[in-house]
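Reading through the structure tokens given below for one structure.
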Amino acid sequence: MEKEFDDVLARTARIATDWLHTLDDRPVGETVSLDELRERLGGPLPAGPVPPLRVVEDLAAAAEPGLVAIPSGRYFGFVIGAGLPAAVAADWLTTVWDQNAGLYACGPAAAVAEEVAGEWLRDLLGLPAGSSYAFVPGCQTAHLTCLAAARHDVLRRAGWNVEEAGLNGAPPIRVVVSARRHTTIDRALRLLGFGTAGLTVVPADDAGRMDAAAVRSVLAGPPVPTIVCAQAGEVNTGAFDDLAAIADACAPAGAWLHVDGAFGLWVLASPALRHLAAGAERADSWAFDAHKWLNVPYDSGIAFCAHPEPHRAALSTTADYLTQGGDGSPRDAIDWTPGFSRRARGFGVYAALRSLGRQGVADLVDRCCEHARTFAAGLAGVPGCEVVGDVVVNQVLFRFADDDTTTRVLRDVIDSGEAWLSGTTVGGRRAIRLSVSNWRTSGEDVERTLAAFRRAAVS
Ligand SMILES: *Cc1c(COP(=O)(O)O)cnc(C)c1O
């Protein structure tokens, strides 16, 4: 039995490294159709057991052409990082160790790794001492966590215990969001009982920055329980809201300021770029991802909260059979996350931070932004290509003469297998969005991708 386990893990490590070695040469996108994938992976449920080694080998062979080479240095889609070697390896161990990191009792080392990684992150990003945190599946769940804490706190201050009394009959909460907020904000709010029709939507400029003066005038009236959602890094342009001005508006109104910093918050780790998010440290909560710019494998998001009491009050749960608290107050993640049984996500973050160090995170962020600027300069020389707006951080938006050409050029580049990017609509026109978020992306990857665009533009 153990021998069989050894064999399958050793073989799997080989399959994994073989795949990584193909990244420079294989097409970045998938090479099979949906129907072919259903054919390759499908078939009836086997009547009896299939040996593990065979299962893994067959799975790898069947899936391979349907994989997108996301860890490739020429994958620029959405905002997606790759896995740093230490983080990938720690993630494997997380699976093998199989801790249930909801309770300290089911994974003491996992709980302490989260404590350490949480403190490292707080320090790296300059968030307030004493902030609480939660390791969650992604920024979406981080929003849910932070906004649950916000809901608790603004209602508590209005004399209402929302965990006990619910929202029926509660004092109304004003929720102020930007016209260019990420869609995950809406879903988190929806799950917390705030319908989209009830949101106070503040306009944003062309780059996607929330109008801070409009936030100020919305908040100028008599104080009511208020949550404001601002953004560090708009998903298309990478633009940052003026967080200092928004924090100034929130303070006198007693509003809870939440920051969606899914990828953008990482600029706080870079001395050269942290001015973009100046004022972020004055927020009440922050949601961001490790699986984007920190290059931890999926999935890995983080919620931070400047006020541990409402955070814990909103999320904590218990049952007679659980063992929480105890000598030396161990940290039980179920008190801080919307999850119950959960993966020990802290190990991957811990490993990524340790392997990069403070300087390494700054270098990673700076390097990606440098590549984005090189892209913008290079694209400006591609026939018919127009770079849209400024390159703020690691995102570049560009388009061709008309929507059809933009769509065709993007299609041609993806079909060439040289790179993978995604499209979007800005100002009513199609555009290509390019995000450099991968530790592996090199100057050579940038040049190869630019060459692919030059070829597609004139074909
Ligand atoms: C990616 C992203 C999200 C959602 O993050 P997930 O990790 O996918 O849940 C939220 N906001 C912004 C600005 C993003 O870029």
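Chain lettering (A, B, ...) mirrors the order of the structure tokens, residue numbering begins at 1 for each chain separately, and ligand numbering begins at 1 in order of display.
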
| said: Could you list, as a VMD selection string, all residues that come within 8 Å of ligand 1? Count only C-alpha atoms and all ligand atoms. | reply: chain A and resid 78 to 79 137 to 142 181 to 185 231 to 235 260 to 264 288 to 289 291 to 292 299 to 301

Using the selection just defined, write its residues with N, CA and C atoms as a tab-separated table (two decimals), in the first residue's frame.
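Below you can see result.tsv, which holds the result:
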chain	number	residue	atom	x	y	z
A	78	PHE	N	-6.55	38.08	-17.74
A	78	PHE	CA	-7.18	38.54	-16.49
A	78	PHE	C	-6.12	39.17	-15.58
A	79	VAL	N	-6.06	38.79	-14.30
A	79	VAL	CA	-4.92	39.18	-13.45
A	79	VAL	C	-4.56	37.91	-12.69
A	137	PRO	N	-10.49	31.72	0.30
A	137	PRO	CA	-10.23	31.25	-1.07
A	137	PRO	C	-9.86	32.34	-2.07
A	138	GLY	N	-10.32	33.56	-1.88
A	138	GLY	CA	-9.98	34.60	-2.85
A	138	GLY	C	-10.51	35.93	-2.39
A	139	CYS	N	-10.33	36.93	-3.23
A	139	CYS	CA	-10.75	38.29	-2.87
A	139	CYS	C	-12.28	38.34	-2.69
A	140	GLN	N	-13.00	37.54	-3.48
A	140	GLN	CA	-14.45	37.51	-3.32
A	140	GLN	C	-14.84	37.16	-1.87
A	141	THR	N	-14.27	36.10	-1.36
A	141	THR	CA	-14.57	35.69	0.02
A	141	THR	C	-13.97	36.66	1.03
A	142	ALA	N	-12.88	37.31	0.64
A	142	ALA	CA	-12.29	38.31	1.52
A	142	ALA	C	-13.25	39.51	1.66
A	181	ARG	N	-16.46	49.72	-9.55
A	181	ARG	CA	-16.11	48.66	-8.58
A	181	ARG	C	-16.05	47.31	-9.29
A	182	HIS	N	-15.36	46.39	-8.67
A	182	HIS	CA	-15.32	45.02	-9.20
A	182	HIS	C	-16.63	44.32	-8.85
A	183	THR	N	-17.05	43.45	-9.73
A	183	THR	CA	-18.34	42.78	-9.57
A	183	THR	C	-18.43	41.93	-8.29
A	184	THR	N	-17.28	41.52	-7.76
A	184	THR	CA	-17.29	40.72	-6.53
A	184	THR	C	-17.77	41.53	-5.32
A	185	ILE	N	-17.66	42.86	-5.40
A	185	ILE	CA	-18.18	43.71	-4.32
A	185	ILE	C	-19.70	43.54	-4.28
A	231	GLN	N	-11.25	51.30	-4.01
A	231	GLN	CA	-10.49	50.31	-4.79
A	231	GLN	C	-9.03	50.72	-4.97
A	232	ALA	N	-8.15	49.76	-4.82
A	232	ALA	CA	-6.73	49.95	-5.13
A	232	ALA	C	-6.42	49.03	-6.29
A	233	GLY	N	-6.49	49.56	-7.51
A	233	GLY	CA	-6.23	48.74	-8.70
A	233	GLY	C	-7.50	48.34	-9.41
A	234	GLU	N	-7.94	49.17	-10.35
A	234	GLU	CA	-9.14	48.85	-11.14
A	234	GLU	C	-8.78	47.72	-12.11
A	235	VAL	N	-9.71	46.80	-12.28
A	235	VAL	CA	-9.33	45.55	-12.95
A	235	VAL	C	-8.87	45.73	-14.40
A	260	ASP	N	-10.92	47.32	-1.83
A	260	ASP	CA	-10.68	46.17	-2.72
A	260	ASP	C	-9.31	46.38	-3.35
A	261	GLY	N	-8.35	45.62	-2.85
A	261	GLY	CA	-6.98	45.74	-3.37
A	261	GLY	C	-6.51	44.42	-3.94
A	262	ALA	N	-7.39	43.72	-4.61
A	262	ALA	CA	-7.14	42.34	-5.07
A	262	ALA	C	-5.70	42.14	-5.54
A	263	PHE	N	-5.29	42.95	-6.51
A	263	PHE	CA	-3.87	42.89	-6.92
A	263	PHE	C	-3.15	44.16	-6.53
A	264	GLY	N	-3.89	45.32	-6.59
A	264	GLY	CA	-3.23	46.61	-6.43
A	264	GLY	C	-2.62	46.84	-5.06
A	288	PHE	N	-7.60	41.26	-0.50
A	288	PHE	CA	-6.65	41.11	-1.61
A	288	PHE	C	-6.32	39.64	-1.81
A	289	ASP	N	-5.50	39.40	-2.83
A	289	ASP	CA	-5.22	38.03	-3.23
A	289	ASP	C	-3.75	37.69	-3.11
A	291	HIS	N	-3.10	34.73	-4.76
A	291	HIS	CA	-2.97	33.98	-6.02
A	291	HIS	C	-2.82	34.89	-7.24
A	292	LYS	N	-2.88	36.19	-7.04
A	292	LYS	CA	-2.56	37.08	-8.16
A	292	LYS	C	-1.08	37.47	-8.06
A	299	ASP	N	-6.22	28.16	-4.59
A	299	ASP	CA	-6.71	29.51	-4.45
A	299	ASP	C	-6.26	30.08	-3.12
A	300	SER	N	-6.08	31.41	-3.09
A	300	SER	CA	-5.50	32.01	-1.91
A	300	SER	C	-5.78	33.51	-1.84
A	301	GLY	N	-6.73	33.87	-1.01
A	301	GLY	CA	-7.04	35.29	-0.80
A	301	GLY	C	-6.89	35.64	0.67

| request: Step one, run DSSP on the backbone; step two, keep only residues of region 264-304 of chain A assigned to strand (DSSP E); then write them as a ChimeraX atom specification. | output: /A:285-289,301-304

Just to be explicit: take each residue in the selection above, keep C-alpha atoms, and write the result as a tab-separated table (two decimals), in the first residue's frame.
chain	number	residue	atom	x	y	z
A	285	SER	CA	-10.67	46.60	6.06
A	286	TRP	CA	-8.74	45.31	3.05
A	287	ALA	CA	-9.35	42.41	0.71
A	288	PHE	CA	-6.65	41.11	-1.61
A	289	ASP	CA	-5.22	38.03	-3.23
A	301	GLY	CA	-7.04	35.29	-0.80
A	302	ILE	CA	-6.64	37.39	2.32
A	303	ALA	CA	-8.92	39.59	4.38
A	304	PHE	CA	-7.52	42.12	6.85

| said: as JSON, numbers by chain, please: the residues near Phe76 (chain A) (cut-off 7 Å, only C-alpha atoms, same-chain neighbours under 5 positions excluded). | reply: {"A": [420, 421, 434, 435, 436]}

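Here CA of Leu243 (chain A) and CA of Ala280 (chain A) stand 5.8 Å from one another.
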
| request: Write out as a VMD selection string each polymer residue whose atoms come within 9 Å of Ile70 (chain A), counting only C-alpha atoms; drop sequence neighbours fewer than 6 positions from it. | output: chain A and resid 28 to 29 76 to 77 80 to 82 420 438

| What is the CA of Asn295 (chain A)-CA of Leu84 (chain A) distance in Å, reported with one decimal? | 5.7 Å

| task | Quick one: everything within 8 Å of region 166-172 of chain A, counting only C-alpha atoms, minus sequence neighbours fewer than 4 positions away in the same chain. Send it as a list in words. | result |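 My list of contacting residues is Leu155, Ala158, Trp160, Asn161, Val162, Gly193, Val224 and Pro225 of chain A.
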
Can you write just those residues out, N, CA and C atoms, as a PDB file, in the first residue's frame?
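This went into result_26.pdb:
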ATOM      1  N   LEU A 155     -23.756  48.711  12.462  1.00  0.00           N
ATOM      2  CA  LEU A 155     -25.042  48.488  13.151  1.00  0.00           C
ATOM      3  C   LEU A 155     -24.876  48.451  14.668  1.00  0.00           C
ATOM      4  N   ALA A 158     -25.070  51.701  15.911  1.00  0.00           N
ATOM      5  CA  ALA A 158     -26.443  52.221  15.883  1.00  0.00           C
ATOM      6  C   ALA A 158     -27.323  51.463  16.883  1.00  0.00           C
ATOM      7  N   TRP A 160     -27.634  48.082  17.270  1.00  0.00           N
ATOM      8  CA  TRP A 160     -28.310  46.907  16.697  1.00  0.00           C
ATOM      9  C   TRP A 160     -27.313  45.743  16.590  1.00  0.00           C
ATOM     10  N   ASN A 161     -27.710  44.575  17.097  1.00  0.00           N
ATOM     11  CA  ASN A 161     -26.851  43.398  16.988  1.00  0.00           C
ATOM     12  C   ASN A 161     -27.335  42.555  15.809  1.00  0.00           C
ATOM     13  N   VAL A 162     -26.646  42.686  14.688  1.00  0.00           N
ATOM     14  CA  VAL A 162     -27.145  42.060  13.455  1.00  0.00           C
ATOM     15  C   VAL A 162     -27.025  40.537  13.483  1.00  0.00           C
ATOM     16  N   GLY A 193     -27.142  40.795   2.296  1.00  0.00           N
ATOM     17  CA  GLY A 193     -28.481  41.383   2.397  1.00  0.00           C
ATOM     18  C   GLY A 193     -28.611  42.778   1.837  1.00  0.00           C
ATOM     19  N   VAL A 224     -25.310  58.513   9.137  1.00  0.00           N
ATOM     20  CA  VAL A 224     -26.103  57.285   9.230  1.00  0.00           C
ATOM     21  C   VAL A 224     -25.109  56.131   9.090  1.00  0.00           C
ATOM     22  N   PRO A 225     -25.487  54.939   9.525  1.00  0.00           N
ATOM     23  CA  PRO A 225     -24.544  53.810   9.368  1.00  0.00           C
ATOM     24  C   PRO A 225     -24.115  53.694   7.906  1.00  0.00           C
TER      25      PRO A 225
END

Using only C-alpha atoms, which residues sit within 10 Å of Asp25 (chain A) once same-chain residues fewer than 2 positions away are excluded, as a PDB file with N, CA, C and O atoms, in the first residue's frame?
ATOM      1  N   HIS A  21       8.376  21.949 -17.779  1.00  0.00           N
ATOM      2  CA  HIS A  21       9.451  22.089 -18.772  1.00  0.00           C
ATOM      3  C   HIS A  21       8.921  22.369 -20.175  1.00  0.00           C
ATOM      4  O   HIS A  21       9.670  22.800 -21.041  1.00  0.00           O
ATOM      5  N   THR A  22       7.633  22.117 -20.405  1.00  0.00           N
ATOM      6  CA  THR A  22       7.083  22.391 -21.748  1.00  0.00           C
ATOM      7  C   THR A  22       6.667  23.853 -21.910  1.00  0.00           C
ATOM      8  O   THR A  22       6.313  24.270 -23.016  1.00  0.00           O
ATOM      9  N   LEU A  23       6.684  24.616 -20.815  1.00  0.00           N
ATOM     10  CA  LEU A  23       6.039  25.932 -20.856  1.00  0.00           C
ATOM     11  C   LEU A  23       6.594  26.870 -21.929  1.00  0.00           C
ATOM     12  O   LEU A  23       5.851  27.648 -22.517  1.00  0.00           O
ATOM     13  N   PRO A  27       1.973  25.651 -26.831  1.00  0.00           N
ATOM     14  CA  PRO A  27       1.066  26.786 -26.999  1.00  0.00           C
ATOM     15  C   PRO A  27       0.537  27.221 -25.633  1.00  0.00           C
ATOM     16  O   PRO A  27       0.320  26.365 -24.759  1.00  0.00           O
ATOM     17  N   VAL A  28       0.357  28.513 -25.448  1.00  0.00           N
ATOM     18  CA  VAL A  28      -0.096  28.981 -24.131  1.00  0.00           C
ATOM     19  C   VAL A  28      -1.564  28.600 -23.897  1.00  0.00           C
ATOM     20  O   VAL A  28      -1.947  28.214 -22.800  1.00  0.00           O
ATOM     21  N   SER A  72       2.962  29.913 -17.620  1.00  0.00           N
ATOM     22  CA  SER A  72       3.881  30.392 -18.659  1.00  0.00           C
ATOM     23  C   SER A  72       4.148  31.888 -18.487  1.00  0.00           C
ATOM     24  O   SER A  72       3.256  32.651 -18.117  1.00  0.00           O
ATOM     25  N   GLY A 417      -0.607  30.562 -30.313  1.00  0.00           N
ATOM     26  CA  GLY A 417      -0.057  29.864 -29.154  1.00  0.00           C
ATOM     27  C   GLY A 417       1.062  30.631 -28.475  1.00  0.00           C
ATOM     28  O   GLY A 417       1.602  30.194 -27.465  1.00  0.00           O
ATOM     29  N   GLU A 418       1.403  31.796 -29.013  1.00  0.00           N
ATOM     30  CA  GLU A 418       2.531  32.548 -28.456  1.00  0.00           C
ATOM     31  C   GLU A 418       2.217  33.218 -27.127  1.00  0.00           C
ATOM     32  O   GLU A 418       3.105  33.442 -26.315  1.00  0.00           O
TER      33      GLU A 418
END

| Distance of CA of Leu265 (chain A) from CA of Ala109 (chain A), expressed in Å to one decimal place | 27.6 Å

| Among listed residues A:Trp19, A:Leu125, A:Val201, A:Pro52, nearest Glu4 (chain A) (using only C-alpha atoms) | A:Pro52

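For the residues A:Gly198, A:Gly423, A:Pro383, A:Pro85, ranking by smallest atom-to-atom distance to Ala351 (chain A) using only C-alpha atoms places A:Pro85 first.
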
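When only C-alpha atoms are used to compute distances to Asp363 (chain A), the closest of the residues A:Val458, A:Val154, A:Ala377, A:Ala269 turns out to be A:Ala269.
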
Please extract the residues of region 244-397 of chain A with a backbone DSSP assignment of helix (DSSP H, G or I) and present them as a compact mmCIF listing (two decimals) with N, CA and C atoms, in the first residue's frame.
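File result-v4.txt, as written:
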# COMPACT_ATOMS: atom_id res chain seq x y z
N ALA A 244 -6.55 58.46 0.26
CA ALA A 244 -6.38 59.44 1.34
C ALA A 244 -7.58 60.38 1.38
N ALA A 245 -8.01 60.87 0.22
CA ALA A 245 -9.16 61.78 0.18
C ALA A 245 -10.43 61.05 0.62
N ILE A 246 -10.57 59.80 0.23
CA ILE A 246 -11.76 59.04 0.61
C ILE A 246 -11.74 58.76 2.12
N ALA A 247 -10.56 58.45 2.65
CA ALA A 247 -10.44 58.25 4.10
C ALA A 247 -10.78 59.54 4.84
N ASP A 248 -10.35 60.68 4.29
CA ASP A 248 -10.69 61.98 4.90
C ASP A 248 -12.21 62.17 4.95
N ALA A 249 -12.90 61.75 3.89
CA ALA A 249 -14.35 61.91 3.84
C ALA A 249 -15.04 60.95 4.82
N CYS A 250 -14.46 59.77 4.98
CA CYS A 250 -15.10 58.74 5.83
C CYS A 250 -14.98 59.06 7.31
N ALA A 251 -13.82 59.62 7.70
CA ALA A 251 -13.55 59.79 9.13
C ALA A 251 -14.63 60.58 9.87
N PRO A 252 -14.96 61.82 9.42
CA PRO A 252 -15.96 62.58 10.20
C PRO A 252 -17.34 61.94 10.16
N ALA A 253 -17.63 61.16 9.11
CA ALA A 253 -18.95 60.55 8.98
C ALA A 253 -19.02 59.22 9.74
N GLY A 264 -3.89 45.32 -6.59
CA GLY A 264 -3.23 46.61 -6.43
C GLY A 264 -2.62 46.84 -5.06
N LEU A 265 -3.16 46.18 -4.04
CA LEU A 265 -2.65 46.46 -2.69
C LEU A 265 -1.17 46.10 -2.56
N TRP A 266 -0.70 45.20 -3.45
CA TRP A 266 0.70 44.77 -3.37
C TRP A 266 1.67 45.91 -3.66
N VAL A 267 1.21 47.03 -4.26
CA VAL A 267 2.14 48.14 -4.46
C VAL A 267 2.67 48.64 -3.12
N LEU A 268 1.92 48.37 -2.04
CA LEU A 268 2.39 48.81 -0.72
C LEU A 268 3.71 48.13 -0.34
N ALA A 269 4.02 47.02 -0.99
CA ALA A 269 5.28 46.33 -0.70
C ALA A 269 6.44 46.94 -1.47
N ARG A 274 4.49 52.58 -3.68
CA ARG A 274 3.47 52.57 -2.63
C ARG A 274 2.71 53.89 -2.53
N HIS A 275 3.27 54.96 -3.10
CA HIS A 275 2.55 56.24 -3.10
C HIS A 275 1.19 56.13 -3.79
N LEU A 276 1.06 55.17 -4.73
CA LEU A 276 -0.21 55.02 -5.44
C LEU A 276 -1.36 54.68 -4.49
N ALA A 277 -1.05 53.98 -3.43
CA ALA A 277 -2.09 53.56 -2.48
C ALA A 277 -1.98 54.33 -1.17
N ALA A 280 -4.13 54.08 2.18
CA ALA A 280 -4.73 52.74 2.33
C ALA A 280 -4.71 52.28 3.78
N GLU A 281 -3.65 52.67 4.48
CA GLU A 281 -3.50 52.21 5.87
C GLU A 281 -4.57 52.80 6.79
N ARG A 282 -5.30 53.80 6.28
CA ARG A 282 -6.35 54.41 7.11
C ARG A 282 -7.70 53.73 6.94
N PRO A 308 -10.31 43.91 15.21
CA PRO A 308 -10.55 42.47 15.43
C PRO A 308 -11.91 42.17 16.06
N GLU A 309 -12.44 43.07 16.90
CA GLU A 309 -13.70 42.72 17.60
C GLU A 309 -14.85 42.52 16.63
N PRO A 310 -15.16 43.50 15.77
CA PRO A 310 -16.25 43.24 14.83
C PRO A 310 -15.96 42.10 13.86
N HIS A 311 -14.70 41.92 13.51
CA HIS A 311 -14.33 40.83 12.60
C HIS A 311 -14.73 39.49 13.24
N ARG A 312 -14.30 39.32 14.48
CA ARG A 312 -14.59 38.07 15.17
C ARG A 312 -16.08 37.93 15.46
N ALA A 313 -16.70 39.03 15.87
CA ALA A 313 -18.12 38.97 16.20
C ALA A 313 -18.96 38.57 15.00
N ALA A 314 -18.56 39.03 13.82
CA ALA A 314 -19.34 38.74 12.61
C ALA A 314 -19.13 37.31 12.12
N LEU A 315 -17.94 36.75 12.35
CA LEU A 315 -17.61 35.46 11.73
C LEU A 315 -17.62 34.28 12.70
N ALA A 333 -9.15 29.33 13.00
CA ALA A 333 -9.56 30.09 11.80
C ALA A 333 -11.07 30.18 11.65
N ILE A 334 -11.83 29.23 12.20
CA ILE A 334 -13.29 29.32 12.05
C ILE A 334 -13.86 30.59 12.69
N ASP A 335 -13.11 31.20 13.59
CA ASP A 335 -13.59 32.45 14.20
C ASP A 335 -13.40 33.66 13.29
N GLY A 346 -2.49 28.96 4.71
CA GLY A 346 -1.37 29.79 5.17
C GLY A 346 -0.01 29.24 4.78
N PHE A 347 0.11 27.93 4.59
CA PHE A 347 1.44 27.37 4.27
C PHE A 347 1.98 27.94 2.96
N GLY A 348 1.14 28.04 1.95
CA GLY A 348 1.59 28.55 0.65
C GLY A 348 2.01 30.01 0.73
N VAL A 349 1.23 30.79 1.47
CA VAL A 349 1.56 32.22 1.61
C VAL A 349 2.86 32.37 2.40
N TYR A 350 2.97 31.59 3.46
CA TYR A 350 4.18 31.60 4.29
C TYR A 350 5.41 31.30 3.41
N ALA A 351 5.28 30.25 2.59
CA ALA A 351 6.42 29.84 1.76
C ALA A 351 6.76 30.91 0.72
N ALA A 352 5.74 31.51 0.11
CA ALA A 352 6.00 32.55 -0.90
C ALA A 352 6.72 33.73 -0.26
N LEU A 353 6.21 34.16 0.90
CA LEU A 353 6.81 35.33 1.55
C LEU A 353 8.23 35.03 2.00
N ARG A 354 8.45 33.82 2.52
CA ARG A 354 9.79 33.49 3.01
C ARG A 354 10.75 33.38 1.84
N SER A 355 10.28 32.81 0.73
CA SER A 355 11.22 32.61 -0.38
C SER A 355 11.56 33.94 -1.07
N LEU A 356 10.64 34.89 -1.07
CA LEU A 356 10.93 36.18 -1.70
C LEU A 356 11.60 37.17 -0.76
N GLY A 357 11.15 37.15 0.48
CA GLY A 357 11.60 38.18 1.41
C GLY A 357 11.02 39.53 1.02
N ARG A 358 11.22 40.50 1.89
CA ARG A 358 10.67 41.84 1.65
C ARG A 358 11.14 42.39 0.29
N GLN A 359 12.44 42.23 0.04
CA GLN A 359 13.02 42.77 -1.20
C GLN A 359 12.46 42.04 -2.42
N GLY A 360 12.29 40.74 -2.28
CA GLY A 360 11.82 39.95 -3.41
C GLY A 360 10.40 40.32 -3.82
N VAL A 361 9.54 40.61 -2.85
CA VAL A 361 8.17 41.00 -3.21
C VAL A 361 8.22 42.34 -3.94
N ALA A 362 9.01 43.28 -3.41
CA ALA A 362 9.14 44.59 -4.06
C ALA A 362 9.67 44.44 -5.49
N ASP A 363 10.68 43.57 -5.65
CA ASP A 363 11.27 43.37 -6.98
C ASP A 363 10.25 42.77 -7.94
N LEU A 364 9.46 41.82 -7.45
CA LEU A 364 8.46 41.17 -8.29
C LEU A 364 7.44 42.20 -8.79
N VAL A 365 6.95 43.02 -7.88
CA VAL A 365 5.96 44.03 -8.23
C VAL A 365 6.58 45.04 -9.22
N ASP A 366 7.78 45.51 -8.90
CA ASP A 366 8.43 46.51 -9.76
C ASP A 366 8.71 45.94 -11.15
N ARG A 367 9.17 44.69 -11.18
CA ARG A 367 9.54 44.07 -12.46
C ARG A 367 8.31 43.92 -13.36
N CYS A 368 7.20 43.48 -12.78
CA CYS A 368 5.97 43.33 -13.59
C CYS A 368 5.54 44.68 -14.17
N CYS A 369 5.65 45.73 -13.37
CA CYS A 369 5.26 47.07 -13.85
C CYS A 369 6.21 47.53 -14.96
N GLU A 370 7.47 47.22 -14.80
CA GLU A 370 8.47 47.57 -15.81
C GLU A 370 8.14 46.87 -17.14
N HIS A 371 7.81 45.58 -17.05
CA HIS A 371 7.41 44.84 -18.27
C HIS A 371 6.16 45.48 -18.89
N ALA A 372 5.23 45.91 -18.06
CA ALA A 372 4.00 46.52 -18.59
C ALA A 372 4.34 47.79 -19.36
N ARG A 373 5.27 48.58 -18.83
CA ARG A 373 5.68 49.81 -19.54
C ARG A 373 6.39 49.48 -20.86
N THR A 374 7.20 48.42 -20.83
CA THR A 374 7.88 47.99 -22.06
C THR A 374 6.84 47.57 -23.10
N PHE A 375 5.81 46.86 -22.63
CA PHE A 375 4.72 46.47 -23.54
C PHE A 375 4.08 47.70 -24.17
N ALA A 376 3.74 48.68 -23.33
CA ALA A 376 3.04 49.86 -23.84
C ALA A 376 3.90 50.55 -24.89
N ALA A 377 5.20 50.68 -24.61
CA ALA A 377 6.09 51.34 -25.57
C ALA A 377 6.17 50.53 -26.86
N GLY A 378 6.28 49.22 -26.74
CA GLY A 378 6.38 48.35 -27.91
C GLY A 378 5.09 48.33 -28.71
N LEU A 379 3.95 48.29 -28.02
CA LEU A 379 2.66 48.22 -28.70
C LEU A 379 2.40 49.51 -29.49

| request: Have a look at A:Leu127, A:Ala213, A:Ala179, A:Ala90 and name the one nearest to Thr200 (chain A); count only C-alpha atoms. | output: A:Ala179
